[in-house]
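For reference, the structure is listed below as structure tokens.
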Amino acid sequence: MSVELRNRLFEQLDQLVLIDPHTHISALDPSSHTLADILGYHYYTELSHSAGMPKDRIEEEGISPKEKVGRLIENLGPITNTIQYSWFIEMAQKLLGFEGDSVDSSNWEALYDSAEAKMSADDWTETVFRESRLESVFLTNDFDDPLEGFDTSRYIPCLRTDDLVFHLTNPRTKVRLFEATDVDVCDVATAREAIGKLFTHFTSKNAKACAISLPPSFAPVHISDARAETALSNVLAKGEEADEADQRAVSNFIFWTLAENCRTHNLPFDLMIGVNRKVFPAGVFQGQDLYDSRVSLIQYKDLLNAFPDVTFPISVLASVTNQELVSYSWIFPNVVANGHWWYSNTPTYIQQDCAARLEAIPRTKQIGYYSDMYKMEFALPKFAMYKRVLAKVLAENFVIDRNWSEEAAVELGTQLLRGNVETIFHVG
Amino acid sequence: MSVELRNRLFEQLDQLVLIDPHTHISALDPSSHTLADILGYHYYTELSHSAGMPKDRIEEEGISPKEKVGRLIENLGPITNTIQYSWFIEMAQKLLGFEGDSVDSSNWEALYDSAEAKMSADDWTETVFRESRLESVFLTNDFDDPLEGFDTSRYIPCLRTDDLVFHLTNPRTKVRLFEATDVDVCDVATAREAIGKLFTHFTSKNAKACAISLPPSFAPVHISDARAETALSNVLAKGEEADEADQRAVSNFIFWTLAENCRTHNLPFDLMIGVNRKVFPAGVFQGQDLYDSRVSLIQYKDLLNAFPDVTFPISVLASVTNQELVSYSWIFPNVVANGHWWYSNTPTYIQQDCAARLEAIPRTKQIGYYSDMYKMEFALPKFAMYKRVLAKVLAENFVIDRNWSEEAAVELGTQLLRGNVETIFHVG
Amino acid sequence: MSVELRNRLFEQLDQLVLIDPHTHISALDPSSHTLADILGYHYYTELSHSAGMPKDRIEEEGISPKEKVGRLIENLGPITNTIQYSWFIEMAQKLLGFEGDSVDSSNWEALYDSAEAKMSADDWTETVFRESRLESVFLTNDFDDPLEGFDTSRYIPCLRTDDLVFHLTNPRTKVRLFEATDVDVCDVATAREAIGKLFTHFTSKNAKACAISLPPSFAPVHISDARAETALSNVLAKGEEADEADQRAVSNFIFWTLAENCRTHNLPFDLMIGVNRKVFPAGVFQGQDLYDSRVSLIQYKDLLNAFPDVTFPISVLASVTNQELVSYSWIFPNVVANGHWWYSNTPTYIQQDCAARLEAIPRTKQIGYYSDMYKMEFALPKFAMYKRVLAKVLAENFVIDRNWSEEAAVELGTQLLRGNVETIFHVG
């Protein structure tokens, strides 16, 4: 009974037209041109690498897209069990008309060619939006992105701020800031001015969120202007040679300034908590980051108390932090549980985490899912995975365990998938 | 099959008459007078606050109980998904004769009035005990509670000791201790004398447990008398101005002294591990506490080794600590796994935690559940939630996965729900 | 449907002939002689102790095996719920022809006698291998084990190195090293020489792995020879009186040297991460160790990066570390997820951990299970437990949730149970 029930719920949830509240789509080049754009997604390169394919085979300069795809396909055997492989197959079936269940040396070339033909159609991006039932997607924009040349109601800007908070030690960041704002950042006042201009620019271009990813060691605190002044001066002068304490003070100062601007500009501030960068430096592109799961949301206590008017949609990297996310969202009015991020974006963890959220966080304060995709073709299979898990949780934990009607369960799922994205990010 | 099976198991478990081994019931005013006592439970106020209701609307001085209930009901829409909301509905259905599935602006007033009528009956408390199939409840008594004016075999005293361990810095605590014991605590000897008198008083009044809640940073160690003497002297003199190290030493000294008295008086010492107080100071009453899940039971290693004759029923705040609780209960004869506490008291975490305990801790060393309630009406829905999860775990993990008979499964469930409360706390 | 499906999958997986990649079997005395060898397994003694049986009743010197078994059986009542008790019953049913469902004072003696008779047969070990469908087992050999007198293709040596890394402070270790290698370890060069000889000896005797268990605080780093020289000199001179920093430096130096030898000799290095020894010193033999779950694989970052050519099959003690294991195995080519260890070796944790691994780690990089047994009779029930959980996960998460064929699911299970043991350890 339970399988039929969840299929029924899934079918209804699958009809919804969605807004994807976090992606890495390039608005100027949103969809794929060949399967190389698909299989170049770090999930496939890093898993192939992990399974034994040498990095220089994967990332060899100058090989054609087709050659690259051929090499990767030959090495997908060890990852056919992964959910990421299933994304690829489902995408190929639903968007490219592929009729098989697996792709290997016997059939990849035909798929490659037919994919290239389909993807070269003028309306391919439009087709993907339609087939994926997507209305719009949030971007991840560098702070110096001009945000020009695209429809910002379909490709919704989001100000990504990792560089500002963590890389002011890099002289290039200061130059980019100057180019973006005409402000030469040399002290606290000019830093504030520059950041204010970025927010003005972004919100004038329909930006609907500010976002940042944060290492597990980060614990933001408010820094006095005097302390910030000294620290900033040292960091701008010495770059990575600056004292660690100064670097941390600057990170705190900039981070706090971002939160202030989120307040002023009424932007939610997406916190993606827990990633350590370059843990495996010999890994493939975008396949080098991992984490230390010993992180706590209590590190954000001062921030959450200081900015009651800023909404913080929070993503956590490891499922062991999910209960804290549930509890903090249940207590703090300004905390929202946001999606299932990266290493927790697999069915087993989604199921546990989603079920825990649904029974203890107000239903208005949960954003079900975002795809985090780099190319439009991944929204369909990634959201499909989530919707299947959501349907399972709604079926088992609500309809069966708590005697909810199917209608009420679908209504709750709809709110997570669509309604809350609209109300929390002021879109749709 | 599994659903019918667990319903059968639930029905049998639901017939049991229980002793609730941890509540915050006031023996002199155990049950509710209006729905304001029900909806004033921090779960409803904090979730409504979290969902956007201003604190001053919730806690406005001088509003009538009915006005308060009206305001809260109007703001329950965002929390209809939560398990806490389901407690309210189930309580209303089973105890108040409510026939709907949800309470909103259209029907709350009738419910309010009929509840008030029912609750004003002389035998309302008696009715609640009977309908909830409860025989007695453990209290949570301040150390200076006179424990008079009630039947201590129905309302079983429990000596709560947070104030002694963590708030001797507050001069008021010393005054209260004097008033309770006639001992003027000024050094180690008088502290021991006062605490000994508290235990004598409590056990003379049928107290069956000592209890304390502990922050994640607490790691009790034995302190020499000399060190305790200095530290106590400083803390009594300077209060919160005393050195942190002295405050910690005093906490350790008092805590150890409590354990010594538990040994002398043969009282289990309930440890509720992991809560950080006032993480969200702007939260509603009792809705300000959260936690840092980075805590380990290894912090209690010295204590558990030093007091082999004291039973420590341990509750952990976060499910990520549950496996440690399983393992420590499996190894240490004096550790008992106790209930599903607060932020872990939701079905998804109970199911995972309960299943893990049932397969690796001796069946004699697990206390299934306590309600933690402030008003008697909550025992019924909270225990019902637990019994449903327990029935599910017994059905799936024992009857189906391990071929247990239903009779054996019910017997195991009965031991968790009732038998172990009797043997561990020497009651019933 | 799901129960029948998983039974079908289990039946197929249960036909496989397996290699057990980690045990504590003594090659010279592999199987049991009486039930005392069975019930002397620490799981039964520690659980009985935990449930209240005094240590001196369990470990009394000079009692007969039969007396010991009688005493333990009388105290198994409180642990009939545990999965460990079910191992005992299943073993008795499948290997000893026991026909009951429980063993107690009414029937243990007959079982004891018939077990003794069966176990005294010359071909008992052979029978156990055959009935358990085991082809060979890995051992856990002290570094000074002569590895003589047994068939190393059936009893495959594994160099266990805890003593070398953590107990060079013990003068006896130096003596044992000398006796094993003819090298008098007095500095870095002789330490390297001695360790090299151990590896040569072990690999000449068909050793297929090096292994170590590690406390949660261990975070290996490379130590310069100069630093190692000083530290080693101090540790050899002062033993446990040596500075903690020196002890740590020596541990790091030896550990790194082991990894270098694993590289040279092409041996996988099993890391069993997370155990604290002697947390409960008053516990029974082998029932004193517990853990602090606050450990992270990021502590092994330097090691994993420094030895890309060494395969590290990693076991974690607590399920809260499993997601890190999944993620690190997914990213690092040289990390393999290995079995379900000790306190995580119970169905609830295996199910969650296994499911998470199967959907995100390449299928070639997961070793399903090892028994960790001390006596051959335990392979059957422990592997049976694992195979049931694996069948459940394959049924629910692959056949039902992802539409896999049963054949494909069994193929994946087979790879975890057998294929990967062969390819990762170069055996079979």
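FYI, nothing fancy with the structure tokens labels: chains A, B, ... in order, residues from 1 per chain, ligands from 1 as they appear.
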
Please check the contacts: residues of chain B at most 7 Å away from chain C, using only C-alpha atoms, listed as a list of chain:residue names.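 Every residue meeting the condition is included here: B:Arg294, B:Ser296, B:Ile298, B:Lys301, B:Asn305, B:Val320, B:Ser327, B:Trp330, B:Ile331, B:Phe332, B:Pro333, B:Ala355, B:Ala356, B:Leu358, B:Glu359, B:Ala360, B:Ile361, B:Pro362, B:Arg363, B:Thr364.
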
Write down as a PDB file with C-alpha atoms, in the first residue's frame the residues of segment 262-329 of chain C whose backbone DSSP state falls under strand (DSSP E or B).
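Dumped to selection09.pdb:
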```pdb
ATOM      1  CA  PHE C 269      46.469  -0.261   5.943  1.00  0.00           C
ATOM      2  CA  ASP C 270      43.294  -0.896   7.948  1.00  0.00           C
ATOM      3  CA  LEU C 271      42.535   2.066  10.179  1.00  0.00           C
ATOM      4  CA  MET C 272      40.021   1.409  12.946  1.00  0.00           C
ATOM      5  CA  ILE C 273      39.307   4.865  14.211  1.00  0.00           C
ATOM      6  CA  VAL C 275      38.324   3.785  20.437  1.00  0.00           C
ATOM      7  CA  ASN C 276      39.296   4.957  23.931  1.00  0.00           C
ATOM      8  CA  LEU C 290      34.384   3.024  24.936  1.00  0.00           C
ATOM      9  CA  TYR C 291      34.714   6.182  22.911  1.00  0.00           C
ATOM     10  CA  PHE C 312      43.205   2.707   3.643  1.00  0.00           C
ATOM     11  CA  PRO C 313      40.194   0.558   4.502  1.00  0.00           C
ATOM     12  CA  ILE C 314      38.687   2.657   7.286  1.00  0.00           C
ATOM     13  CA  SER C 315      36.369   1.531  10.054  1.00  0.00           C
ATOM     14  CA  VAL C 316      34.665   4.050  12.307  1.00  0.00           C
TER      15      VAL C 316
END
```

One number please: atom CA of Cys186 of chain B to atom CA of Arg277 of chain B, in Å, one decimal.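 So the answer is 27.6 Å.
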
One decimal, Å: what's the distance from atom CA of Ser106 of chain C over to atom CA of Phe383 of chain C, could you say?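 Between atom CA of Ser106 of chain C and atom CA of Phe383 of chain C the gap is 29.0 Å.
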
When you look at Gln366 of chain A with a cut-off of 10 Å (counting only C-alpha atoms), what residues show up, excluding the ones that are within fewer than 3 positions of it in the same chain? I need them as a PyMOL selection string. chain A and resi 313-314+326+329+335-339+354+357-358+361-363+369+415-417+419-421+424

Output N, CA and C atoms of each residue in that selection to a file, as a PDB file, in the first residue's frame.
```pdb
ATOM      1  N   PRO A 313      18.302  31.522   5.862  1.00  0.00           N
ATOM      2  CA  PRO A 313      18.087  30.145   5.405  1.00  0.00           C
ATOM      3  C   PRO A 313      19.419  29.398   5.564  1.00  0.00           C
ATOM      4  N   ILE A 314      19.418  28.377   6.393  1.00  0.00           N
ATOM      5  CA  ILE A 314      20.672  27.701   6.726  1.00  0.00           C
ATOM      6  C   ILE A 314      20.711  26.301   6.120  1.00  0.00           C
ATOM      7  N   VAL A 326      17.164  21.645  12.951  1.00  0.00           N
ATOM      8  CA  VAL A 326      15.747  21.508  13.322  1.00  0.00           C
ATOM      9  C   VAL A 326      15.457  22.333  14.577  1.00  0.00           C
ATOM     10  N   SER A 329      15.797  26.161  14.095  1.00  0.00           N
ATOM     11  CA  SER A 329      14.683  26.690  13.289  1.00  0.00           C
ATOM     12  C   SER A 329      13.386  26.702  14.095  1.00  0.00           C
ATOM     13  N   VAL A 335      15.522  31.778  11.661  1.00  0.00           N
ATOM     14  CA  VAL A 335      16.240  30.655  11.057  1.00  0.00           C
ATOM     15  C   VAL A 335      15.280  29.796  10.242  1.00  0.00           C
ATOM     16  N   VAL A 336      15.698  29.508   9.024  1.00  0.00           N
ATOM     17  CA  VAL A 336      14.923  28.668   8.113  1.00  0.00           C
ATOM     18  C   VAL A 336      15.804  27.493   7.707  1.00  0.00           C
ATOM     19  N   ALA A 337      15.248  26.292   7.695  1.00  0.00           N
ATOM     20  CA  ALA A 337      16.011  25.116   7.237  1.00  0.00           C
ATOM     21  C   ALA A 337      15.967  25.063   5.713  1.00  0.00           C
ATOM     22  N   ASN A 338      17.134  24.989   5.111  1.00  0.00           N
ATOM     23  CA  ASN A 338      17.225  25.172   3.660  1.00  0.00           C
ATOM     24  C   ASN A 338      17.855  23.973   2.948  1.00  0.00           C
ATOM     25  N   GLY A 339      17.004  23.212   2.257  1.00  0.00           N
ATOM     26  CA  GLY A 339      17.493  22.180   1.341  1.00  0.00           C
ATOM     27  C   GLY A 339      18.349  21.095   1.971  1.00  0.00           C
ATOM     28  N   CYS A 354      14.724  15.233   6.375  1.00  0.00           N
ATOM     29  CA  CYS A 354      13.432  15.797   5.985  1.00  0.00           C
ATOM     30  C   CYS A 354      12.351  15.393   6.992  1.00  0.00           C
ATOM     31  N   ARG A 357      12.711  17.372  10.169  1.00  0.00           N
ATOM     32  CA  ARG A 357      12.279  18.765  10.016  1.00  0.00           C
ATOM     33  C   ARG A 357      10.761  18.880   9.981  1.00  0.00           C
ATOM     34  N   LEU A 358      10.139  17.978   9.230  1.00  0.00           N
ATOM     35  CA  LEU A 358       8.695  18.106   9.018  1.00  0.00           C
ATOM     36  C   LEU A 358       7.906  17.981  10.304  1.00  0.00           C
ATOM     37  N   ILE A 361       9.655  21.678  12.838  1.00  0.00           N
ATOM     38  CA  ILE A 361       9.857  23.067  12.415  1.00  0.00           C
ATOM     39  C   ILE A 361       8.537  23.575  11.835  1.00  0.00           C
ATOM     40  N   PRO A 362       8.154  24.815  12.166  1.00  0.00           N
ATOM     41  CA  PRO A 362       6.936  25.338  11.536  1.00  0.00           C
ATOM     42  C   PRO A 362       6.997  25.163  10.012  1.00  0.00           C
ATOM     43  N   ARG A 363       5.887  24.784   9.431  1.00  0.00           N
ATOM     44  CA  ARG A 363       5.852  24.448   8.007  1.00  0.00           C
ATOM     45  C   ARG A 363       6.191  25.620   7.107  1.00  0.00           C
ATOM     46  N   TYR A 369      14.000  22.132  -1.090  1.00  0.00           N
ATOM     47  CA  TYR A 369      15.108  21.669  -1.912  1.00  0.00           C
ATOM     48  C   TYR A 369      15.597  22.760  -2.842  1.00  0.00           C
ATOM     49  N   GLN A 415       3.940  23.291  -0.100  1.00  0.00           N
ATOM     50  CA  GLN A 415       4.479  24.454   0.612  1.00  0.00           C
ATOM     51  C   GLN A 415       6.009  24.390   0.682  1.00  0.00           C
ATOM     52  N   LEU A 416       6.538  23.206   0.927  1.00  0.00           N
ATOM     53  CA  LEU A 416       7.991  23.065   0.996  1.00  0.00           C
ATOM     54  C   LEU A 416       8.652  23.291  -0.360  1.00  0.00           C
ATOM     55  N   LEU A 417       7.982  22.803  -1.404  1.00  0.00           N
ATOM     56  CA  LEU A 417       8.594  22.846  -2.725  1.00  0.00           C
ATOM     57  C   LEU A 417       8.455  24.208  -3.386  1.00  0.00           C
ATOM     58  N   GLY A 419       5.728  27.100  -2.142  1.00  0.00           N
ATOM     59  CA  GLY A 419       5.174  28.232  -1.393  1.00  0.00           C
ATOM     60  C   GLY A 419       6.209  28.961  -0.563  1.00  0.00           C
ATOM     61  N   ASN A 420       7.015  28.193   0.148  1.00  0.00           N
ATOM     62  CA  ASN A 420       7.974  28.843   1.031  1.00  0.00           C
ATOM     63  C   ASN A 420       9.087  29.555   0.280  1.00  0.00           C
ATOM     64  N   VAL A 421       9.416  29.064  -0.896  1.00  0.00           N
ATOM     65  CA  VAL A 421      10.411  29.777  -1.706  1.00  0.00           C
ATOM     66  C   VAL A 421       9.875  31.169  -2.030  1.00  0.00           C
ATOM     67  N   ILE A 424       9.618  33.300   1.459  1.00  0.00           N
ATOM     68  CA  ILE A 424      10.888  33.573   2.149  1.00  0.00           C
ATOM     69  C   ILE A 424      11.796  34.461   1.304  1.00  0.00           C
TER      70      ILE A 424
END
```

Taking the chain letters and numbering used in this document, name the residues of segment 181-366 of chain C that DSSP puts in alpha helix (DSSP H), as an MDAnalysis selection string. chainID C and resid 181 188:204 225:238 244:265 301:306 322:331 347:358

Contact residues around Gly239 of chain A with only C-alpha atoms at 8 Å, ignoring same-chain residues under 6 positions, as a compact mmCIF listing (two decimals) with N, CA and C atoms, in the first residue's frame:
```
# COMPACT_ATOMS: atom_id res chain seq x y z
N LEU A 168 39.89 38.71 1.25
CA LEU A 168 40.42 40.08 1.14
C LEU A 168 41.94 40.07 1.27
N THR A 169 42.48 38.97 1.74
CA THR A 169 43.94 38.80 1.75
C THR A 169 44.51 38.75 0.35
N ASN A 170 43.68 38.42 -0.61
CA ASN A 170 44.13 38.35 -1.99
C ASN A 170 44.00 39.74 -2.63
N PRO A 171 45.10 40.34 -3.07
CA PRO A 171 45.05 41.70 -3.61
C PRO A 171 44.06 41.82 -4.77
```

Distance of atom CA of Ile212 of chain A from atom CA of Lys238 of chain A, expressed in Å to one decimal place: 24.3 Å

Return the single residue from A:Gly149, A:His22, A:Ser102, A:Ser132 that is closest to Trp404 of chain C, with distances computed using only C-alpha atoms.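 Selected residue with least distance to Trp404 of chain C: A:Ser102.
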
Write out as a PDB file with N, CA and C atoms, in the first residue's frame the residues lying within 12 Å of Asp142 of chain A, counting only C-alpha atoms and excluding same-chain residues fewer than 5 positions away.
```pdb
ATOM      1  N   HIS A  24      24.117  27.146  -9.496  1.00  0.00           N
ATOM      2  CA  HIS A  24      25.323  27.794 -10.005  1.00  0.00           C
ATOM      3  C   HIS A  24      25.206  27.993 -11.519  1.00  0.00           C
ATOM      4  N   SER A  26      24.975  29.567 -15.085  1.00  0.00           N
ATOM      5  CA  SER A  26      25.405  30.784 -15.751  1.00  0.00           C
ATOM      6  C   SER A  26      24.233  31.286 -16.587  1.00  0.00           C
ATOM      7  N   LEU A 147      25.765  41.468 -13.957  1.00  0.00           N
ATOM      8  CA  LEU A 147      24.332  41.078 -13.965  1.00  0.00           C
ATOM      9  C   LEU A 147      23.620  41.646 -15.177  1.00  0.00           C
ATOM     10  N   PRO A 157      19.347  36.942  -9.564  1.00  0.00           N
ATOM     11  CA  PRO A 157      20.682  37.100  -8.980  1.00  0.00           C
ATOM     12  C   PRO A 157      20.718  36.812  -7.472  1.00  0.00           C
ATOM     13  N   CYS A 158      21.849  36.329  -7.056  1.00  0.00           N
ATOM     14  CA  CYS A 158      22.129  36.103  -5.631  1.00  0.00           C
ATOM     15  C   CYS A 158      23.576  36.499  -5.394  1.00  0.00           C
ATOM     16  N   LEU A 159      23.787  37.356  -4.442  1.00  0.00           N
ATOM     17  CA  LEU A 159      25.133  37.878  -4.173  1.00  0.00           C
ATOM     18  C   LEU A 159      25.935  36.869  -3.349  1.00  0.00           C
ATOM     19  N   ARG A 160      26.939  36.288  -3.966  1.00  0.00           N
ATOM     20  CA  ARG A 160      27.763  35.299  -3.254  1.00  0.00           C
ATOM     21  C   ARG A 160      28.983  36.008  -2.672  1.00  0.00           C
ATOM     22  N   THR A 161      29.264  35.753  -1.420  1.00  0.00           N
ATOM     23  CA  THR A 161      30.169  36.643  -0.711  1.00  0.00           C
ATOM     24  C   THR A 161      31.396  35.972  -0.100  1.00  0.00           C
ATOM     25  N   ASP A 162      31.661  34.726  -0.458  1.00  0.00           N
ATOM     26  CA  ASP A 162      32.834  34.048   0.097  1.00  0.00           C
ATOM     27  C   ASP A 162      34.112  34.859  -0.115  1.00  0.00           C
ATOM     28  N   ASP A 163      34.280  35.413  -1.320  1.00  0.00           N
ATOM     29  CA  ASP A 163      35.517  36.143  -1.617  1.00  0.00           C
ATOM     30  C   ASP A 163      35.692  37.344  -0.696  1.00  0.00           C
ATOM     31  N   LEU A 164      34.601  38.026  -0.428  1.00  0.00           N
ATOM     32  CA  LEU A 164      34.691  39.219   0.419  1.00  0.00           C
ATOM     33  C   LEU A 164      35.064  38.849   1.856  1.00  0.00           C
ATOM     34  N   THR A 173      41.175  40.678  -4.959  1.00  0.00           N
ATOM     35  CA  THR A 173      39.829  40.953  -4.460  1.00  0.00           C
ATOM     36  C   THR A 173      39.592  42.458  -4.340  1.00  0.00           C
ATOM     37  N   ARG A 176      39.136  43.877  -7.756  1.00  0.00           N
ATOM     38  CA  ARG A 176      37.791  43.563  -8.274  1.00  0.00           C
ATOM     39  C   ARG A 176      36.733  44.429  -7.590  1.00  0.00           C
ATOM     40  N   LEU A 177      36.929  44.659  -6.297  1.00  0.00           N
ATOM     41  CA  LEU A 177      35.986  45.519  -5.573  1.00  0.00           C
ATOM     42  C   LEU A 177      35.997  46.932  -6.145  1.00  0.00           C
ATOM     43  N   ALA A 180      34.271  47.046  -9.411  1.00  0.00           N
ATOM     44  CA  ALA A 180      32.815  46.871  -9.305  1.00  0.00           C
ATOM     45  C   ALA A 180      32.116  48.080  -8.694  1.00  0.00           C
ATOM     46  N   LEU A 198      27.565  47.336  -3.533  1.00  0.00           N
ATOM     47  CA  LEU A 198      27.284  46.011  -4.102  1.00  0.00           C
ATOM     48  C   LEU A 198      25.816  45.623  -3.863  1.00  0.00           C
ATOM     49  N   PHE A 202      23.088  44.935  -6.666  1.00  0.00           N
ATOM     50  CA  PHE A 202      22.427  43.630  -6.775  1.00  0.00           C
ATOM     51  C   PHE A 202      20.914  43.745  -6.615  1.00  0.00           C
ATOM     52  N   CYS A 210      21.458  36.974  -0.465  1.00  0.00           N
ATOM     53  CA  CYS A 210      22.900  37.044  -0.292  1.00  0.00           C
ATOM     54  C   CYS A 210      23.284  35.648   0.216  1.00  0.00           C
ATOM     55  N   ALA A 211      24.458  35.152  -0.169  1.00  0.00           N
ATOM     56  CA  ALA A 211      24.809  33.780   0.226  1.00  0.00           C
ATOM     57  C   ALA A 211      26.293  33.657   0.506  1.00  0.00           C
ATOM     58  N   ILE A 212      26.620  32.679   1.322  1.00  0.00           N
ATOM     59  CA  ILE A 212      28.022  32.416   1.621  1.00  0.00           C
ATOM     60  C   ILE A 212      28.168  30.967   2.097  1.00  0.00           C
TER      61      ILE A 212
END
```
